[in-house]
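Below: run-v5.csv (CSV, C-alpha atoms)
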```
chain,number,residue,atom,x,y,z
A,95,MET,CA,0.0,0.0,0.0
A,96,PRO,CA,1.5,3.4,-1.0
A,97,ILE,CA,2.0,6.3,1.4
A,98,ASN,CA,-0.9,8.8,1.3
A,99,ALA,CA,-3.0,6.6,-0.9
A,100,HIS,CA,-6.6,7.6,-1.3
A,101,PRO,CA,-9.3,5.4,0.2
A,102,GLU,CA,-10.5,4.7,-3.4
A,103,TYR,CA,-7.1,3.3,-4.3
A,104,ILE,CA,-7.0,1.1,-1.1
A,105,ALA,CA,-10.5,-0.2,-2.0
A,106,ALA,CA,-9.5,-0.9,-5.6
A,107,GLU,CA,-6.4,-2.7,-4.4
A,108,GLY,CA,-8.5,-4.9,-2.1
A,109,GLU,CA,-10.8,-5.7,-5.1
A,110,TYR,CA,-7.8,-6.6,-7.2
A,111,ILE,CA,-6.4,-9.0,-4.6
A,112,LYS,CA,-9.8,-10.8,-4.4
A,113,ALA,CA,-10.2,-10.9,-8.3
A,114,GLN,CA,-10.0,-14.3,-9.8
A,115,SER,CA,-10.7,-14.1,-13.5
A,116,PRO,CA,-8.3,-12.3,-15.9
A,117,GLU,CA,-11.0,-9.8,-16.9
A,118,GLU,CA,-11.6,-8.9,-13.2
A,119,LYS,CA,-7.9,-8.4,-12.5
A,120,ILE,CA,-7.5,-6.2,-15.6
A,121,ASP,CA,-10.5,-4.1,-14.6
A,122,LYS,CA,-9.4,-3.7,-11.0
A,123,LEU,CA,-5.8,-2.9,-12.0
A,124,LYS,CA,-7.1,-0.1,-14.3
A,125,LYS,CA,-9.0,1.3,-11.3
A,126,MET,CA,-5.9,1.2,-9.2
A,127,ILE,CA,-4.0,3.1,-11.8
A,128,SER,CA,-6.7,5.8,-12.0
A,129,TYR,CA,-6.7,6.2,-8.2
A,130,ALA,CA,-2.9,5.9,-7.7
A,131,PRO,CA,-1.3,9.0,-6.0
A,132,ALA,CA,-0.6,11.7,-8.5
A,133,HIS,CA,2.3,13.3,-6.6
A,134,LYS,CA,5.9,12.7,-7.7
A,135,GLY,CA,6.5,10.0,-5.1
A,136,GLY,CA,3.8,7.9,-6.8
A,137,GLU,CA,5.6,7.8,-10.1
A,138,ASN,CA,7.3,4.4,-9.4
A,139,LEU,CA,4.0,2.9,-8.2
A,140,ARG,CA,2.1,4.0,-11.4
A,141,ALA,CA,4.9,2.6,-13.5
A,142,GLN,CA,4.8,-0.7,-11.7
A,143,LEU,CA,1.0,-0.9,-12.1
A,144,LYS,CA,1.2,-0.1,-15.8
A,145,THR,CA,3.8,-2.8,-16.3
A,146,ARG,CA,1.7,-5.3,-14.5
A,147,LEU,CA,-1.3,-4.3,-16.6
A,148,LYS,CA,0.7,-4.6,-19.9
A,149,LYS,CA,1.7,-8.2,-18.9
A,150,LEU,CA,-1.9,-9.2,-18.2
A,151,LEU,CA,-3.1,-7.8,-21.5
A,152,GLU,CA,-0.3,-9.5,-23.4
A,153,GLN,CA,-1.0,-12.8,-21.8
A,154,GLN,CA,-4.7,-12.4,-22.5
A,155,GLU,CA,-4.1,-11.7,-26.2
A,156,LYS,CA,-1.6,-14.6,-26.4
A,157,ASN,CA,-4.2,-17.0,-25.0
A,158,LYS,CA,-6.8,-15.8,-27.5
A,159,LYS,CA,-4.5,-16.5,-30.4
A,160,THR,CA,-3.4,-20.0,-29.2
A,161,GLY,CA,-7.0,-20.9,-28.4
A,162,LYS,CA,-6.0,-22.1,-24.9
A,163,GLY,CA,-8.1,-19.7,-23.0
A,164,SER,CA,-6.8,-17.7,-20.1
A,165,ARG,CA,-6.3,-19.3,-16.7
A,166,ILE,CA,-4.6,-16.4,-15.0
A,167,GLY,CA,-5.9,-16.1,-11.5
A,168,ILE,CA,-8.0,-19.2,-11.4
A,169,LYS,CA,-7.4,-20.8,-8.0
A,170,LYS,CA,-9.2,-24.1,-7.5
A,171,GLU,CA,-11.5,-24.1,-4.5
A,172,ASP,CA,-12.5,-27.1,-2.4
A,173,MET,CA,-15.6,-27.6,-4.6
A,174,GLN,CA,-15.3,-26.7,-8.3
A,175,ALA,CA,-17.8,-27.3,-11.2
A,176,ALA,CA,-17.2,-26.4,-14.8
A,177,ILE,CA,-20.0,-25.5,-17.3
A,178,VAL,CA,-19.4,-26.9,-20.8
A,179,GLY,CA,-21.5,-26.6,-23.8
A,180,LYS,CA,-21.8,-25.5,-27.5
A,181,THR,CA,-22.3,-21.9,-28.4
A,182,ASN,CA,-25.8,-20.5,-27.7
A,183,SER,CA,-26.7,-23.5,-25.5
A,184,GLY,CA,-27.4,-21.1,-22.6
A,185,LYS,CA,-24.2,-21.5,-20.5
A,186,SER,CA,-24.1,-17.9,-19.4
A,187,SER,CA,-27.8,-17.9,-18.5
A,188,ILE,CA,-27.2,-21.0,-16.3
A,189,LEU,CA,-24.2,-19.4,-14.6
A,190,LYS,CA,-26.3,-16.4,-13.8
A,191,ALA,CA,-29.2,-18.5,-12.5
A,192,LEU,CA,-26.9,-20.6,-10.3
A,193,THR,CA,-24.7,-17.8,-8.9
A,194,ASN,CA,-26.6,-14.5,-9.5
A,195,THR,CA,-23.6,-13.1,-11.3
A,196,ASN,CA,-24.0,-10.4,-13.9
A,197,GLN,CA,-22.6,-12.4,-16.7
A,198,LYS,CA,-22.9,-11.0,-20.3
A,199,ILE,CA,-25.7,-12.9,-22.1
A,200,SER,CA,-26.1,-12.6,-25.8
A,201,ASP,CA,-27.7,-14.5,-28.8
A,202,LEU,CA,-24.4,-13.9,-30.7
A,203,LYS,CA,-22.1,-16.8,-31.1
A,204,PHE,CA,-19.0,-17.2,-29.0
A,205,THR,CA,-19.8,-14.4,-26.6
A,206,THR,CA,-17.7,-16.0,-23.8
A,207,THR,CA,-14.0,-15.9,-24.8
A,208,ASN,CA,-12.4,-16.5,-21.4
A,209,PRO,CA,-13.4,-18.7,-18.4
A,210,VAL,CA,-15.9,-16.8,-16.1
A,211,ILE,CA,-15.7,-17.6,-12.4
A,212,ALA,CA,-18.5,-17.2,-9.9
A,213,MET,CA,-19.6,-18.7,-6.6
A,214,MET,CA,-22.8,-20.7,-6.0
A,215,HIS,CA,-24.2,-20.6,-2.4
A,216,HIS,CA,-26.1,-23.8,-1.5
A,217,ASN,CA,-26.6,-25.9,1.6
A,218,THR,CA,-24.3,-23.7,3.7
A,219,VAL,CA,-21.3,-24.1,1.3
A,220,GLN,CA,-19.8,-22.1,-1.6
A,221,ILE,CA,-19.2,-23.9,-4.8
A,222,GLN,CA,-16.9,-22.4,-7.4
A,223,VAL,CA,-18.6,-22.5,-10.8
A,224,ILE,CA,-16.6,-21.8,-14.0
A,225,GLU,CA,-18.3,-21.1,-17.3
A,226,LEU,CA,-16.0,-22.1,-20.1
A,227,PRO,CA,-16.0,-20.7,-23.7
A,228,ALA,CA,-18.0,-22.8,-26.1
A,229,ILE,CA,-16.5,-26.2,-26.8
A,230,ASP,CA,-16.8,-25.4,-30.5
A,231,SER,CA,-14.8,-22.2,-30.2
A,232,GLU,CA,-11.0,-21.5,-30.4
A,233,TYR,CA,-11.1,-20.3,-26.7
A,234,TYR,CA,-12.2,-23.6,-25.1
A,235,ASP,CA,-9.9,-24.7,-22.3
A,236,LYS,CA,-10.0,-28.5,-21.9
A,237,GLY,CA,-7.5,-28.3,-19.0
A,238,ILE,CA,-10.0,-26.9,-16.6
A,239,VAL,CA,-12.6,-29.6,-17.6
A,240,TYR,CA,-10.0,-32.3,-16.9
A,241,THR,CA,-9.3,-31.1,-13.3
A,242,ALA,CA,-12.8,-29.9,-12.3
A,243,ASP,CA,-14.5,-32.0,-9.6
A,244,THR,CA,-17.8,-31.8,-11.5
A,245,VAL,CA,-18.6,-31.0,-15.1
A,246,ILE,CA,-22.0,-29.7,-16.1
A,247,LEU,CA,-22.8,-30.5,-19.8
A,248,VAL,CA,-25.3,-28.0,-21.1
A,249,ILE,CA,-27.3,-29.3,-24.0
A,250,THR,CA,-30.5,-28.5,-26.0
A,251,SER,CA,-30.7,-31.9,-27.7
A,252,ILE,CA,-29.6,-35.5,-27.5
A,253,GLU,CA,-27.3,-34.9,-30.5
A,254,ASP,CA,-25.5,-32.2,-28.6
A,255,LEU,CA,-24.9,-34.6,-25.7
A,256,LYS,CA,-23.4,-37.3,-28.0
A,257,GLU,CA,-21.0,-34.7,-29.4
A,258,LEU,CA,-19.9,-33.4,-26.0
A,259,LEU,CA,-19.3,-36.8,-24.6
A,260,GLU,CA,-17.1,-37.6,-27.5
A,261,LYS,CA,-15.0,-34.5,-27.0
A,262,ILE,CA,-14.6,-34.1,-23.2
A,263,LYS,CA,-12.2,-35.9,-20.9
A,264,THR,CA,-12.7,-35.4,-17.1
A,265,GLN,CA,-11.6,-37.0,-13.9
A,266,GLY,CA,-14.7,-35.7,-12.0
A,267,LYS,CA,-18.4,-36.4,-12.0
A,268,THR,CA,-20.6,-35.4,-15.0
A,269,ILE,CA,-24.1,-33.9,-14.9
A,270,ILE,CA,-26.4,-33.3,-17.8
A,271,ALA,CA,-28.4,-30.1,-17.9
A,272,LEU,CA,-30.9,-30.0,-20.8
A,273,ASN,CA,-31.7,-26.3,-21.2
A,274,LYS,CA,-34.5,-24.4,-23.1
A,275,THR,CA,-37.3,-26.8,-22.1
A,276,ASP,CA,-39.6,-23.8,-22.3
A,277,ILE,CA,-39.6,-24.2,-26.1
A,278,LEU,CA,-40.4,-28.0,-26.0
A,279,SER,CA,-43.8,-29.6,-26.0
A,280,GLU,CA,-44.7,-31.9,-23.1
A,281,ASN,CA,-44.4,-34.9,-25.5
A,282,GLU,CA,-40.9,-33.8,-26.6
A,283,LYS,CA,-39.8,-33.4,-23.0
A,284,ARG,CA,-41.2,-36.9,-22.1
A,285,LYS,CA,-39.2,-38.5,-25.0
A,286,ILE,CA,-36.0,-36.7,-24.1
A,287,TYR,CA,-36.4,-37.7,-20.4
A,288,ALA,CA,-37.0,-41.3,-21.4
A,289,THR,CA,-33.9,-41.3,-23.6
A,290,LEU,CA,-31.7,-39.8,-20.9
A,291,LYS,CA,-33.0,-42.3,-18.4
A,292,SER,CA,-32.4,-45.4,-20.5
A,293,LYS,CA,-29.4,-44.6,-22.7
A,294,PHE,CA,-27.5,-42.2,-20.5
A,295,LYS,CA,-28.5,-43.6,-17.1
A,296,LYS,CA,-25.0,-43.4,-15.6
A,297,TYR,CA,-25.2,-39.5,-15.7
A,298,PRO,CA,-27.5,-37.5,-13.3
A,299,PHE,CA,-29.6,-35.2,-15.4
A,300,VAL,CA,-32.0,-32.2,-15.0
A,301,LEU,CA,-34.4,-30.6,-17.5
A,302,ILE,CA,-34.2,-26.9,-17.0
A,303,SER,CA,-35.3,-23.5,-18.4
A,304,THR,CA,-33.4,-20.4,-17.5
A,305,LYS,CA,-36.3,-18.4,-18.9
A,306,SER,CA,-38.9,-19.7,-16.4
A,307,ASN,CA,-36.3,-20.9,-13.8
A,308,HIS,CA,-37.7,-24.4,-14.0
A,309,GLY,CA,-35.4,-27.0,-12.6
A,310,ILE,CA,-32.7,-24.5,-11.3
A,311,ASP,CA,-33.1,-25.5,-7.7
A,312,GLU,CA,-33.0,-29.2,-8.7
A,313,LEU,CA,-29.8,-28.5,-10.6
A,314,LYS,CA,-28.2,-26.8,-7.7
A,315,GLU,CA,-29.0,-29.7,-5.4
A,316,THR,CA,-27.7,-32.2,-8.1
A,317,ILE,CA,-24.4,-30.2,-8.3
A,318,PHE,CA,-24.0,-30.1,-4.5
A,319,ARG,CA,-24.6,-33.9,-4.2
A,320,SER,CA,-22.0,-34.6,-6.9
A,321,PHE,CA,-19.2,-33.7,-4.5
A,322,ASP,CA,-18.1,-36.5,-2.2
A,323,VAL,CA,-17.3,-34.3,0.8
A,324,ILE,CA,-18.5,-33.6,4.3
A,325,ARG,CA,-19.1,-30.2,6.0
A,326,VAL,CA,-17.5,-29.6,9.5
A,327,TYR,CA,-18.0,-26.4,11.6
A,328,THR,CA,-15.6,-25.1,14.2
A,329,LYS,CA,-16.7,-23.4,17.5
A,330,GLU,CA,-14.8,-21.2,19.8
A,331,PRO,CA,-14.7,-22.3,23.5
A,332,GLY,CA,-17.1,-20.5,25.7
A,333,LYS,CA,-19.0,-18.8,22.8
A,334,GLU,CA,-22.4,-19.6,21.4
A,335,PHE,CA,-22.4,-21.4,18.0
A,336,ASN,CA,-24.4,-19.9,15.2
A,337,LYS,CA,-24.4,-22.0,12.1
A,338,ALA,CA,-26.0,-19.2,10.0
A,339,ARG,CA,-23.0,-17.0,10.6
A,340,GLN,CA,-20.3,-19.6,9.7
A,341,ARG,CA,-19.1,-21.3,6.6
A,342,PRO,CA,-18.2,-25.0,7.2
A,343,MET,CA,-14.8,-26.5,6.3
A,344,ILE,CA,-14.9,-28.9,3.4
A,345,LEU,CA,-13.3,-32.3,4.0
A,346,LEU,CA,-13.2,-35.8,2.5
A,347,PRO,CA,-15.3,-38.6,4.1
A,348,ASN,CA,-13.5,-40.5,6.9
A,349,SER,CA,-11.5,-37.4,7.9
A,350,THR,CA,-10.5,-37.2,11.5
A,351,VAL,CA,-10.4,-34.4,14.1
A,352,ASN,CA,-6.7,-34.1,13.4
A,353,ASP,CA,-7.5,-33.5,9.7
A,354,VAL,CA,-9.8,-30.7,10.8
A,355,ALA,CA,-7.1,-29.1,12.9
A,356,GLU,CA,-4.5,-29.4,10.1
A,357,LYS,CA,-6.8,-27.7,7.6
A,358,ILE,CA,-7.1,-24.8,10.0
A,359,LEU,CA,-3.3,-24.5,10.3
A,360,LYS,CA,-0.5,-26.9,9.6
A,361,GLY,CA,0.9,-28.2,12.9
A,362,PHE,CA,-2.2,-27.1,14.8
A,363,GLY,CA,-3.0,-30.7,15.8
A,364,SER,CA,0.0,-30.8,18.1
A,365,LYS,CA,-1.2,-27.8,20.0
A,366,ILE,CA,-4.6,-29.2,20.9
A,367,LEU,CA,-5.3,-30.0,24.6
A,368,GLN,CA,-8.9,-31.0,24.3
A,369,THR,CA,-11.6,-31.5,21.6
A,370,ARG,CA,-15.3,-31.5,22.1
A,371,ILE,CA,-17.8,-32.4,19.4
A,372,TRP,CA,-21.5,-31.9,18.6
A,373,GLY,CA,-23.4,-33.5,15.8
A,374,PRO,CA,-23.8,-36.9,14.0
A,375,SER,CA,-20.5,-38.4,15.1
A,376,SER,CA,-20.9,-37.6,18.8
A,377,LYS,CA,-22.6,-40.0,21.3
A,378,PHE,CA,-23.9,-37.0,23.2
A,379,PRO,CA,-23.6,-33.2,22.8
A,380,GLY,CA,-20.1,-31.9,23.7
A,381,GLN,CA,-18.5,-35.3,23.8
A,382,ILE,CA,-14.7,-35.2,24.4
A,383,VAL,CA,-12.9,-37.0,21.7
A,384,GLY,CA,-9.3,-37.7,20.5
A,385,LEU,CA,-7.5,-36.6,17.4
A,386,LYS,CA,-8.3,-39.9,15.6
A,387,HIS,CA,-12.0,-39.5,16.0
A,388,LYS,CA,-13.7,-39.6,12.6
A,389,VAL,CA,-16.0,-36.6,11.9
A,390,LYS,CA,-19.2,-36.7,10.0
A,391,ASP,CA,-21.2,-34.3,7.8
A,392,LEU,CA,-22.4,-31.2,9.8
A,393,ASP,CA,-20.4,-32.0,12.9
A,394,VAL,CA,-19.3,-29.0,15.1
A,395,VAL,CA,-15.8,-29.2,16.6
A,396,GLU,CA,-14.4,-27.1,19.5
A,397,PHE,CA,-10.7,-27.0,20.2
A,398,LYS,CA,-8.9,-26.0,23.4
A,399,THR,CA,-5.2,-25.4,22.9
A,400,LYS,CA,-2.2,-25.9,25.2
```
Could you spell out this file's structure in structure tokens?
Amino acid sequence: MPINAHPEYIAAEGEYIKAQSPEEKIDKLKKMISYAPAHKGGENLRAQLKTRLKKLLEQQEKNKKTGKGSRIGIKKEDMQAAIVGKTNSGKSSILKALTNTNQKISDLKFTTTNPVIAMMHHNTVQIQVIELPAIDSEYYDKGIVYTADTVILVITSIEDLKELLEKIKTQGKTIIALNKTDILSENEKRKIYATLKSKFKKYPFVLISTKSNHGIDELKETIFRSFDVIRVYTKEPGKEFNKARQRPMILLPNSTVNDVAEKILKGFGSKILQTRIWGPSSKFPGQIVGLKHKVKDLDVVEFKTK
């Protein structure tokens, strides 16, 4: 933080630090430059910011030309889902419906040219959702699809689904979201439902319409259930626990109390004197347990340190 920086600059700097997508970083960096101190002592700062901006813009242009898409600033969260589909399948509309983000929506082809990141809030957790450029565009990034925990295939027909399944490679779960059901007749929807259930039964699927919001809540729940994780809360000794004000920690099934401690801070497990637990894994509220005790979904853990 520069000396004598205006509050606007400090705010812009905070926004830049939190920014994840390349577009966000470029936008916030421009704001920082506009609010940077104008006095002579701020010359070096402005020069550094402009150099940083130039590098981001050059990298963005390079990725567009190579068709790799830009992954600058994408930090994988505990739960990550990628939206994949052909152009004009409604990917941006689905991202907006899931996350309430102000994503650009257009009938023009290939509107999305870089991954767009947003957070979906559901069942007390935040899920990172990334809309990828159309799979039939030069900007598509297959690397994100391969590493994502869950991939949401957005289709408007069974033919689209066959094409997408031939092209994608992923290590995670796959969900099918058939969009634009508002333009289908009841008979057409029944036929598609029957086909998905019989020929593609290994994949969870949801019929949705972003125009009417039909199926969006079901899609959110399907996405949430695709993650094989548990949610564990922590409680401060002597203080009342309020679940509504806390975000749970995300852990793998069969995690222990020690895993909870180590996720808080590496080496924290060795500093714990006593652990109390409330929830599904406890025999009674406030049970004292050891570090090897296995936690369950929606447990609340309280640590007392040495």
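Put simply, atom CA of Ser183 of chain A is 15.2 Å away from atom CA of Leu259 of chain A.
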Next on the checklist: If we count all atoms listed in the file and set the cut-off at 12 Å, which residues sit around Arg319 of chain A, ignoring sequence neighbours fewer than 5 positions away in its own chain? Please answer as a ChimeraX atom specification.
Outcome noted: /A:173,175,216-217,219,221,243-244,267-269,298,312-314,324
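Atom CA of Lys283 of chain A lies 12.8 Å from atom CA of Phe299 of chain A.
Closest approach to Glu334 of chain A among A:Val394, A:Ile382, A:Leu147, A:Leu290: A:Val394, based on all atoms listed in the file.
Restricting the calculation to all atoms listed in the file, the smallest distance between Lys256 of chain A and any of A:Lys119, A:Gln222, A:Lys180, A:Gln154 is found for A:Lys180.
Atom CA of Thr206 of chain A is found 8.0 Å from atom CA of Ser186 of chain A.
Among the candidates A:Gln340, A:Thr399, A:Asn352, A:Thr275, the residue lying nearest to Thr218 of chain A is A:Gln340 (atoms considered: all atoms listed in the file).
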Next on the checklist: The residues within 9 Å of (-11.2, -33.6, 5.3), using all atoms listed in the file and the coordinates of the file, should be reported as number ranges by chain; which are they?
Outcome noted: A: 323-326, 343-351, 353-354, 357, 389
